[in-house]
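Student: Let me begin by handing over the structure; questions about it come next.
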Amino acid sequence: MKWSGVMPAITTCFDESYEVDHKFMAEHARWLIANGCTGIVALGSLGEGATLKHDEKIAILKTFCSALKGRAPVVAAISALATEEAVALAQEAESAGCEGLMILPPYVYQGDWREMKGHVAAVLRATPLPGMLYNNPVAYGTDFTPEQIAELAHEFANLAAVKESSTDVRRVTAIRALMKDRLAIFVGVDDAIIEGIAAGACGWVAGLADALPRESVDLFNYGVAGRTAEAFALYGWFLPLLRLDTVPKFVQLIKQVQQELGVGSARVRAPRFAVVGEELEHTRQLVGEAMKSRSGRASSPLQIR
């Protein structure tokens with residue numbers, strides 16, 4: 001698969017009974033691709049993977065693969081407490097039709113490099129699928145340094161990409177200094193995308209793209225093309241919303257933006273609760289102000305058939 005462009009970390013939609021809404025999710029995936037996204041990343045943090053049962057995860061991956069039918073790749077986030085569970089999920093993701101894996105360190109346990117390398121290596125060995133290493137020390141406590149990433153890449157040909165979410169854009173240049181073009185580097189925090197592109201990133205695992213895909217794609221493309229004035233004009237408009245991706249309640253907030261724009265539901269599974277009170281009003285205010293000053297191409301309507 002080609003690792004580039006805007007790949008939303010797609011949210012998991014729940015119906016009124018808090019069961020997975022497969023019909024909506026299929027249409028949501030198709031809508032994201034129709035608005036210029038190059039693929040989707042499922043079951044990640046934004047997809048509330050930790051609240052999903054194993055069978056639900058496989059069913060979601062099958063829904064996405066069926067919905068996109070080769071139009072764009074489905075990348076499965078592989079996140080588990082136990083390495084054995086991560087390996088099993090990776091193998092079932094391949095069987096479901098996924099074209100890539102996004103590999104997270106085991107959450108809760110923050111091991112040393114020997115242990116974390118062993119976990120990632122086991123997943124990479126489990127299938128021939130290309131893998132994206134997800135480096136998010138802020139959320140997971142495990143920091144894969146550029147040197148460690150290079151070590152993995154030298155040993156595993158199917159390590160194809162890195163999602164860099166350390167919030168330090170210098171990591172992009174550090175990885176590129178070691179690996180040149182051997183690894184595709186994706187920005188994993190929404191409010192560092194233009195800076196990341198300038199440092200050499202070629203992709204974006206995006207959060208707000210779930211609600212505003214066309215605007216996300218245009219922002220990314222302006223940055224890649226060096227259209228600085230247009231990029232920073234759109235970035236300035238978008239930043240108040242993009243910053244919702246970098247706070248503890250990013251899942252609730254991004255899903256609330258989806259609901260405000262009529263392209264999803266704010267329902268989240270416990271232990272999360274949907275935002276209320278001042279948090280809700282602030283989010284609605286941000287969305288309202290953004291829509292008043294919206295310019296350029298807007299995302300097409302999402303229709304559920």
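Residues in the structure tokens are numbered from 1 in each chain, the chains being A, B, ... in the order shown, and ligands are numbered from 1 in the order shown.
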Within 10 Å of Gly5 (chain A), counting only C-alpha atoms, which residues show up once you throw out same-chain ones fewer than 4 positions away? Write them as number ranges by chain, please.

Tutor: A: 36-39, 186, 201-206, 217, 220-221, 224

Student: Name all residues at most 9 Å from region 58-73 of chain A (count only C-alpha atoms; drop same-chain ones fewer than 4 positions away) and give them as a list of chain:residue names.

Tutor: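 My reading of the contact set: A:Met1, A:Lys2, A:Thr12, A:Val20, A:His22, A:Lys23, A:Met25, A:Ala26, A:Glu27, A:Ala29, A:Arg30, A:Ile33, A:Cys37, A:Thr38, A:Gly39, A:Ile40, A:Val41, A:Ala42, A:Leu43, A:Lys53, A:His54, A:Leu89, A:Glu92, A:Ala93, A:Ala96, A:Gly97, A:Cys98, A:Glu99, A:Gly100.
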
Student: Mind listing the helix (DSSP H, G or I) residues of region 205-257 of chain A, per DSSP on the backbone, as a ChimeraX atom specification?

Tutor: /A:208-210,213-225,228-246,250-257

Student: Do a neighbour search on region 155-168 of chain A at 6 Å with only C-alpha atoms, toss out local chain neighbours closer than 4 positions, and write the hits as a ChimeraX atom specification.

Tutor: /A:130-137,183-189

Student: Would you mind listing what lies within 7 Å of region 261-265 of chain A as a VMD selection string, with only C-alpha atoms counted and same-chain residues fewer than 3 positions away left out?

Tutor: chain A and resid 13 211 255 to 258 302

Student: With distances taken over only C-alpha atoms, which residue among A:Leu81, A:Leu212, A:Ala86, A:Ala76 lies nearest Ser300 (chain A)?

Tutor: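 Smallest distance to Ser300 (chain A) is found for A:Leu212.
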
Student: Between A:Val74, A:Ala80, A:Ile175, A:Val287, which has the minimum distance to Leu52 (chain A) (counting only C-alpha atoms)?

Tutor: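 Among the listed residues, the smallest separation from Leu52 (chain A) belongs to A:Ala80.
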
Student: If we count only C-alpha atoms, what is near Gly111 (chain A) at a cut-off of 12 Å, once residues fewer than 5 positions away on the same chain are taken out, given as a PyMOL selection string?

Tutor: chain A and resi 81+105-106+116-119+140-144

Student: DSSP on the backbone: which residues in region 54-301 of chain A end up as strand (DSSP E or B)? Give the answer as a list in words.

Tutor: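 Of region 54-301 of chain A, only Val74, Val75, Ala76, Ala77, Ile78, Gly100, Leu101, Met102, Ile103, Gly131, Met132, Leu133, Tyr134, Asn135, Leu159, Ala160, Ala161, Val162, Lys163, Glu164, Ala184, Ile185, Phe186, Val187, Gly203, Trp204, Val205 and Ala206 of chain A fall in strand (DSSP E or B).
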